[in-house]
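Asker: Got a structure here, written out as structure tokens. Questions coming.
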Amino acid sequence: GHGTNVIVGISVGMKATFIPTITVAIAVLTAYHLGASTGIGEDGRNAGLFGTAVATMGMLSNAVYILSMNNYGPIADNAGGIAEMSMQPEHVRDVTDRLDAAGNVTKAVTKGYSIGSASMACFLLFG
């Protein structure tokens, strides 16, 4: 019934986010422990946060490229709609369908990157 479909949908969603969540957690913990092992300061806590800050700045230094890719997504995504509204031939629609898929993937990748960098920054703020 409907309840089973909801449960299956939730489980698929959890499976899809499990590996990225574990990867980000391992990256944060590794950066913290590498910073803590440097010996900066009296206790390792501040040095660990410094290591995480360096990792966050490394991730945010690529933000310019990611934001420019983010602008490409909606442009490629709208190509199919424009071709359909202007009544173009079918072979044009085949090409724009591939552009549409590329735009969706680009948008998903850039959103994932922004969420990852925001989570690293939140860890620093509240760490």
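Ligands are numbered from 1 in the order shown, residues from 1 within each chain, and chains are lettered A, B, ... in the order they appear in the structure tokens.
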Would you kindly return, as a short mmCIF file (atom, residue, chain, number, x, y, z; two decimals) with N, CA and C atoms, in the first residue's frame, each protein, DNA or RNA residue with an atom no farther than 6 Å from any atom of A:Gly51, considering only C-alpha atoms and excluding same-chain residues fewer than 6 positions away?

Answerer:
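And here's result-v9.cif as it stands now:
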data_model
loop_
_atom_site.label_atom_id
_atom_site.label_comp_id
_atom_site.auth_asym_id
_atom_site.auth_seq_id
_atom_site.Cartn_x
_atom_site.Cartn_y
_atom_site.Cartn_z
N ALA A 31 40.75 16.20 9.64
CA ALA A 31 41.32 17.56 9.72
C ALA A 31 41.52 17.96 11.18
N TYR A 32 40.57 17.61 12.04
CA TYR A 32 40.70 17.95 13.46
C TYR A 32 41.90 17.25 14.08
N GLY A 35 45.21 18.62 12.82
CA GLY A 35 45.50 19.90 13.47
C GLY A 35 45.92 19.71 14.92
#

Asker: Tell me which protein, DNA and RNA residues are within 8 Å of stretch 98-114 of chain A, counting only C-alpha atoms, leaving out same-chain ones fewer than 5 positions away, and put them as a list in words.

Answerer: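 The filter keeps Ile66, Leu67, Met69, Asn70, Tyr72, Gly73, Pro74, Ile75, Ala76, Asp77, Asn78, Ala79 and Gly80 of chain A.
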
Asker: Excluding A:Ser117 and residues on its chain fewer than 4 positions from it, collect all residues at most 8 Å away from it, counting only C-alpha atoms, and give them as a PDB file with N, CA and C atoms, in the first residue's frame.

Answerer:
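What follows is the written file result-v8.pdb:
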ATOM      1  N   THR A  56      38.574  23.893   5.915  1.00  0.00           N
ATOM      2  CA  THR A  56      37.426  24.654   5.427  1.00  0.00           C
ATOM      3  C   THR A  56      37.859  25.715   4.434  1.00  0.00           C
ATOM      4  N   MET A  59      38.532  24.160   1.180  1.00  0.00           N
ATOM      5  CA  MET A  59      37.309  23.839   0.455  1.00  0.00           C
ATOM      6  C   MET A  59      36.662  25.102  -0.110  1.00  0.00           C
ATOM      7  N   LEU A  60      36.664  26.168   0.656  1.00  0.00           N
ATOM      8  CA  LEU A  60      36.036  27.412   0.201  1.00  0.00           C
ATOM      9  C   LEU A  60      36.860  28.143  -0.850  1.00  0.00           C
ATOM     10  N   TYR A 113      28.189  20.524  -2.895  1.00  0.00           N
ATOM     11  CA  TYR A 113      29.413  21.210  -2.487  1.00  0.00           C
ATOM     12  C   TYR A 113      29.103  22.338  -1.515  1.00  0.00           C
ATOM     13  N   ALA A 121      31.901  24.911   7.908  1.00  0.00           N
ATOM     14  CA  ALA A 121      31.931  26.228   8.548  1.00  0.00           C
ATOM     15  C   ALA A 121      31.116  26.207   9.842  1.00  0.00           C
TER      16      ALA A 121
END

Asker: Taking into account only C-alpha atoms, which residue in the set A:Pro20, A:Gly48, A:Gly9, A:Gly41 is nearest to A:Leu124?

Answerer: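 Under the stated criterion, the closest residue is A:Gly48.
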
Asker: What does the structure give for the distance between atom CA of A:Asn62 and atom CA of A:Gly116, in Å to one decimal?

Answerer: 12.4 Å

Asker: If you run DSSP on the backbone, which residues of stretch 30-76 of chain A are helix (DSSP H, G or I), as a PDB file with N, CA and C atoms, in the first residue's frame?

Answerer:
ATOM      1  N   THR A  30      39.373  13.869  10.445  1.00  0.00           N
ATOM      2  CA  THR A  30      40.770  13.790  10.026  1.00  0.00           C
ATOM      3  C   THR A  30      41.438  15.160  10.106  1.00  0.00           C
ATOM      4  N   ALA A  31      40.752  16.204   9.644  1.00  0.00           N
ATOM      5  CA  ALA A  31      41.318  17.556   9.723  1.00  0.00           C
ATOM      6  C   ALA A  31      41.519  17.965  11.178  1.00  0.00           C
ATOM      7  N   TYR A  32      40.568  17.615  12.042  1.00  0.00           N
ATOM      8  CA  TYR A  32      40.696  17.949  13.463  1.00  0.00           C
ATOM      9  C   TYR A  32      41.903  17.247  14.081  1.00  0.00           C
ATOM     10  N   HIS A  33      42.041  15.956  13.814  1.00  0.00           N
ATOM     11  CA  HIS A  33      43.149  15.204  14.421  1.00  0.00           C
ATOM     12  C   HIS A  33      44.502  15.604  13.831  1.00  0.00           C
ATOM     13  N   LEU A  34      44.540  15.932  12.548  1.00  0.00           N
ATOM     14  CA  LEU A  34      45.798  16.414  11.984  1.00  0.00           C
ATOM     15  C   LEU A  34      46.190  17.753  12.599  1.00  0.00           C
ATOM     16  N   GLY A  35      45.208  18.623  12.816  1.00  0.00           N
ATOM     17  CA  GLY A  35      45.504  19.898  13.470  1.00  0.00           C
ATOM     18  C   GLY A  35      45.924  19.708  14.916  1.00  0.00           C
ATOM     19  N   ALA A  36      45.273  18.783  15.614  1.00  0.00           N
ATOM     20  CA  ALA A  36      45.607  18.536  17.025  1.00  0.00           C
ATOM     21  C   ALA A  36      46.996  17.930  17.182  1.00  0.00           C
ATOM     22  N   GLY A  44      45.223  20.461  22.728  1.00  0.00           N
ATOM     23  CA  GLY A  44      45.036  20.105  21.329  1.00  0.00           C
ATOM     24  C   GLY A  44      43.732  20.609  20.734  1.00  0.00           C
ATOM     25  N   ARG A  45      42.812  21.126  21.588  1.00  0.00           N
ATOM     26  CA  ARG A  45      41.498  21.520  21.081  1.00  0.00           C
ATOM     27  C   ARG A  45      41.602  22.692  20.103  1.00  0.00           C
ATOM     28  N   ASN A  46      42.325  23.733  20.489  1.00  0.00           N
ATOM     29  CA  ASN A  46      42.463  24.887  19.603  1.00  0.00           C
ATOM     30  C   ASN A  46      43.221  24.522  18.335  1.00  0.00           C
ATOM     31  N   ALA A  47      44.224  23.673  18.464  1.00  0.00           N
ATOM     32  CA  ALA A  47      44.976  23.249  17.282  1.00  0.00           C
ATOM     33  C   ALA A  47      44.095  22.401  16.370  1.00  0.00           C
ATOM     34  N   GLY A  48      43.209  21.590  16.953  1.00  0.00           N
ATOM     35  CA  GLY A  48      42.283  20.798  16.143  1.00  0.00           C
ATOM     36  C   GLY A  48      41.314  21.674  15.373  1.00  0.00           C
ATOM     37  N   LEU A  49      40.824  22.708  16.041  1.00  0.00           N
ATOM     38  CA  LEU A  49      39.941  23.650  15.346  1.00  0.00           C
ATOM     39  C   LEU A  49      40.686  24.412  14.258  1.00  0.00           C
ATOM     40  N   PHE A  50      41.967  24.697  14.509  1.00  0.00           N
ATOM     41  CA  PHE A  50      42.776  25.344  13.472  1.00  0.00           C
ATOM     42  C   PHE A  50      42.912  24.427  12.256  1.00  0.00           C
ATOM     43  N   GLY A  51      43.134  23.142  12.477  1.00  0.00           N
ATOM     44  CA  GLY A  51      43.221  22.188  11.366  1.00  0.00           C
ATOM     45  C   GLY A  51      41.925  22.128  10.575  1.00  0.00           C
ATOM     46  N   THR A  52      40.806  22.173  11.281  1.00  0.00           N
ATOM     47  CA  THR A  52      39.517  22.178  10.600  1.00  0.00           C
ATOM     48  C   THR A  52      39.313  23.483   9.841  1.00  0.00           C
ATOM     49  N   ALA A  53      39.791  24.593  10.397  1.00  0.00           N
ATOM     50  CA  ALA A  53      39.675  25.878   9.702  1.00  0.00           C
ATOM     51  C   ALA A  53      40.497  25.880   8.422  1.00  0.00           C
ATOM     52  N   VAL A  54      41.674  25.278   8.458  1.00  0.00           N
ATOM     53  CA  VAL A  54      42.502  25.201   7.253  1.00  0.00           C
ATOM     54  C   VAL A  54      41.805  24.345   6.196  1.00  0.00           C
ATOM     55  N   ALA A  55      41.201  23.236   6.613  1.00  0.00           N
ATOM     56  CA  ALA A  55      40.471  22.383   5.667  1.00  0.00           C
ATOM     57  C   ALA A  55      39.264  23.115   5.083  1.00  0.00           C
ATOM     58  N   THR A  56      38.574  23.893   5.915  1.00  0.00           N
ATOM     59  CA  THR A  56      37.426  24.654   5.427  1.00  0.00           C
ATOM     60  C   THR A  56      37.859  25.715   4.434  1.00  0.00           C
ATOM     61  N   MET A  57      38.949  26.407   4.711  1.00  0.00           N
ATOM     62  CA  MET A  57      39.433  27.421   3.779  1.00  0.00           C
ATOM     63  C   MET A  57      39.895  26.777   2.476  1.00  0.00           C
ATOM     64  N   GLY A  58      40.468  25.587   2.554  1.00  0.00           N
ATOM     65  CA  GLY A  58      40.831  24.872   1.333  1.00  0.00           C
ATOM     66  C   GLY A  58      39.611  24.530   0.501  1.00  0.00           C
ATOM     67  N   MET A  59      38.532  24.160   1.180  1.00  0.00           N
ATOM     68  CA  MET A  59      37.309  23.839   0.455  1.00  0.00           C
ATOM     69  C   MET A  59      36.662  25.102  -0.110  1.00  0.00           C
ATOM     70  N   LEU A  60      36.664  26.168   0.656  1.00  0.00           N
ATOM     71  CA  LEU A  60      36.036  27.412   0.201  1.00  0.00           C
ATOM     72  C   LEU A  60      36.860  28.143  -0.850  1.00  0.00           C
ATOM     73  N   ALA A  63      35.362  27.859  -4.175  1.00  0.00           N
ATOM     74  CA  ALA A  63      33.958  28.283  -4.258  1.00  0.00           C
ATOM     75  C   ALA A  63      33.675  29.087  -5.522  1.00  0.00           C
ATOM     76  N   VAL A  64      34.656  29.824  -6.021  1.00  0.00           N
ATOM     77  CA  VAL A  64      34.447  30.620  -7.224  1.00  0.00           C
ATOM     78  C   VAL A  64      34.120  29.717  -8.408  1.00  0.00           C
ATOM     79  N   TYR A  65      34.847  28.622  -8.532  1.00  0.00           N
ATOM     80  CA  TYR A  65      34.612  27.710  -9.652  1.00  0.00           C
ATOM     81  C   TYR A  65      33.260  27.015  -9.510  1.00  0.00           C
ATOM     82  N   ILE A  66      32.925  26.661  -8.289  1.00  0.00           N
ATOM     83  CA  ILE A  66      31.659  25.977  -8.052  1.00  0.00           C
ATOM     84  C   ILE A  66      30.487  26.918  -8.313  1.00  0.00           C
ATOM     85  N   LEU A  67      30.609  28.165  -7.893  1.00  0.00           N
ATOM     86  CA  LEU A  67      29.528  29.120  -8.147  1.00  0.00           C
ATOM     87  C   LEU A  67      29.355  29.399  -9.638  1.00  0.00           C
ATOM     88  N   SER A  68      30.442  29.408 -10.380  1.00  0.00           N
ATOM     89  CA  SER A  68      30.292  29.619 -11.818  1.00  0.00           C
ATOM     90  C   SER A  68      29.653  28.396 -12.472  1.00  0.00           C
ATOM     91  N   MET A  69      29.942  27.190 -11.983  1.00  0.00           N
ATOM     92  CA  MET A  69      29.253  25.996 -12.488  1.00  0.00           C
ATOM     93  C   MET A  69      27.773  26.041 -12.114  1.00  0.00           C
ATOM     94  N   ASN A  70      27.470  26.622 -10.974  1.00  0.00           N
ATOM     95  CA  ASN A  70      26.090  26.726 -10.518  1.00  0.00           C
ATOM     96  C   ASN A  70      25.259  27.575 -11.485  1.00  0.00           C
ATOM     97  N   ASN A  71      25.878  28.554 -12.118  1.00  0.00           N
ATOM     98  CA  ASN A  71      25.163  29.395 -13.077  1.00  0.00           C
ATOM     99  C   ASN A  71      24.891  28.670 -14.388  1.00  0.00           C
ATOM    100  N   TYR A  72      25.683  27.663 -14.688  1.00  0.00           N
ATOM    101  CA  TYR A  72      25.495  26.920 -15.933  1.00  0.00           C
ATOM    102  C   TYR A  72      24.265  26.018 -15.873  1.00  0.00           C
ATOM    103  N   GLY A  73      23.939  25.517 -14.709  1.00  0.00           N
ATOM    104  CA  GLY A  73      22.843  24.555 -14.560  1.00  0.00           C
ATOM    105  C   GLY A  73      21.502  25.035 -15.082  1.00  0.00           C
ATOM    106  N   PRO A  74      20.988  26.182 -14.631  1.00  0.00           N
ATOM    107  CA  PRO A  74      19.686  26.633 -15.125  1.00  0.00           C
ATOM    108  C   PRO A  74      19.673  26.962 -16.615  1.00  0.00           C
ATOM    109  N   ILE A  75      20.792  27.428 -17.155  1.00  0.00           N
ATOM    110  CA  ILE A  75      20.842  27.750 -18.584  1.00  0.00           C
ATOM    111  C   ILE A  75      20.670  26.477 -19.404  1.00  0.00           C
ATOM    112  N   ALA A  76      21.435  25.437 -19.057  1.00  0.00           N
ATOM    113  CA  ALA A  76      21.316  24.175 -19.780  1.00  0.00           C
ATOM    114  C   ALA A  76      19.974  23.511 -19.510  1.00  0.00           C
TER     115      ALA A  76
END

Asker: Kindly give the distance, in Å, that separates atom CA of A:Val6 and atom CA of A:Thr23, rounded to a single decimal.

Answerer: 26.7 Å
